[in-house]
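Raw target_13.txt, compact mmCIF, C-alpha atoms:
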# COMPACT_ATOMS: atom_id res chain seq x y z
CA MET A 1334 115.74 86.01 52.03
CA ARG A 1335 116.11 89.77 51.72
CA ILE A 1336 118.54 91.43 49.32
CA THR A 1337 119.46 95.10 49.55
CA ALA A 1338 120.60 96.91 46.41
CA ALA A 1339 121.45 100.45 45.43
CA ILE A 1340 119.32 101.45 42.45
CA PRO A 1341 119.81 104.78 40.69
CA PRO A 1342 116.88 107.18 41.26
CA ASP A 1343 115.83 107.15 37.58
CA ASP A 1344 115.70 103.34 37.54
CA MET A 1345 113.80 103.30 40.82
CA ALA A 1346 111.23 105.73 39.42
CA GLU A 1347 110.79 103.52 36.36
CA LEU A 1348 110.41 100.42 38.53
CA ASP A 1349 107.78 102.20 40.62
CA ARG A 1350 105.91 103.27 37.46
CA VAL A 1351 105.88 99.76 36.01
CA CYS A 1352 104.83 98.22 39.34
CA ARG A 1353 101.89 100.61 39.62
CA LEU A 1354 100.80 99.89 36.04
CA GLN A 1355 101.02 96.13 36.52
CA HIS A 1356 99.74 96.11 40.12
CA VAL A 1357 102.72 94.15 41.45
CA SER A 1358 105.13 94.74 44.31
CA GLN A 1359 108.70 95.83 43.68
CA ALA A 1360 109.93 92.52 45.10
CA ASP A 1361 107.71 90.51 42.74
CA ALA A 1362 108.74 92.61 39.74
CA VAL A 1363 112.46 92.24 40.46
CA HIS A 1364 112.08 88.51 41.13
CA GLU A 1365 110.25 87.95 37.85
CA ALA A 1366 112.75 90.09 35.92
CA LEU A 1367 115.68 88.09 37.32
CA ARG A 1368 113.97 84.77 36.54
CA PHE A 1369 113.19 85.95 33.01
CA TYR A 1370 116.79 87.04 32.44
CA ILE A 1371 118.32 83.87 33.85
CA ASP A 1372 115.91 81.64 31.91
CA ARG A 1373 116.66 83.52 28.69
CA GLU A 1374 120.44 83.95 29.09
CA GLY A 1375 121.21 80.92 31.27
CA ASP A 1376 123.26 83.01 33.68
CA LEU A 1377 123.72 86.49 35.11
CA PRO A 1378 126.15 88.94 33.51
CA THR A 1379 129.61 89.35 35.02
CA ILE A 1380 129.84 92.50 37.11
CA ASP A 1381 133.06 94.51 37.12
CA TYR A 1382 133.64 95.97 40.58
CA GLY A 1383 136.88 97.64 39.59
CA ASP A 1384 139.62 97.64 42.20
CA ASP A 1385 137.38 97.70 45.30
CA PRO A 1386 138.18 94.45 47.21
CA ASP A 1387 135.16 94.94 49.51
CA LEU A 1388 132.77 94.44 46.58
CA THR A 1389 134.13 91.18 45.21
Rewrite the coordinates I just gave you, this time as structure tokens.
Amino acid sequence: MRITAAIPPDDMAELDRVCRLQHVSQADAVHEALRFYIDREGDLPTIDYGDDPDLT
């Protein structure tokens, strides 16, 4: 499965930096971060899309 997301440039630069330091792909880093968060919190946070019906 492929997921496309808009990531702010500063966050993308930080992700790239961490991936280079840890010698992992962006996909692997994001996957592991999501698993870590879900395992720790038990769920994902609720996202407020405001009034845009196309994003719900």
Between CA of Val1363 (chain A) and CA of Asp1381 (chain A), what is the distance in Å, rounded to a tenth? 21.0 Å
Considering all atoms listed in the file, can you say which of A:Asp1372, A:Arg1335, A:Ala1362, A:Ile1380 comes closest to Asp1349 (chain A)? A:Ala1362
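If you look at CA of Asp1376 (chain A) and CA of Arg1353 (chain A), they are 28.3 Å away from each other.
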Given the choices A:Glu1374, A:Gln1359, A:His1364, A:Tyr1382, which gets closest to Asp1344 (chain A) if the distance is worked out from all atoms listed in the file? A:Gln1359
Point-to-point distance in Å for CA of Gly1375 (chain A) and CA of Leu1354 (chain A): 28.3 Å
With all atoms of region 1353-1365 of chain A from the file as input, state the centre and edge lengths in Å to one decimal of the axis-aligned box that has 8 Å extra on each side, as JSON.
{"center_x": 106.1, "center_y": 94.3, "center_z": 40.6, "size_x": 28.7, "size_y": 28.7, "size_z": 25.1}
As a PyMOL selection string, please: the residues near Ala1360 (chain A) (cut-off 12 Å, all atoms listed in the file, same-chain neighbours under 3 positions excluded). chain A and resi 1334-1338+1348-1349+1352+1356-1357+1363-1367
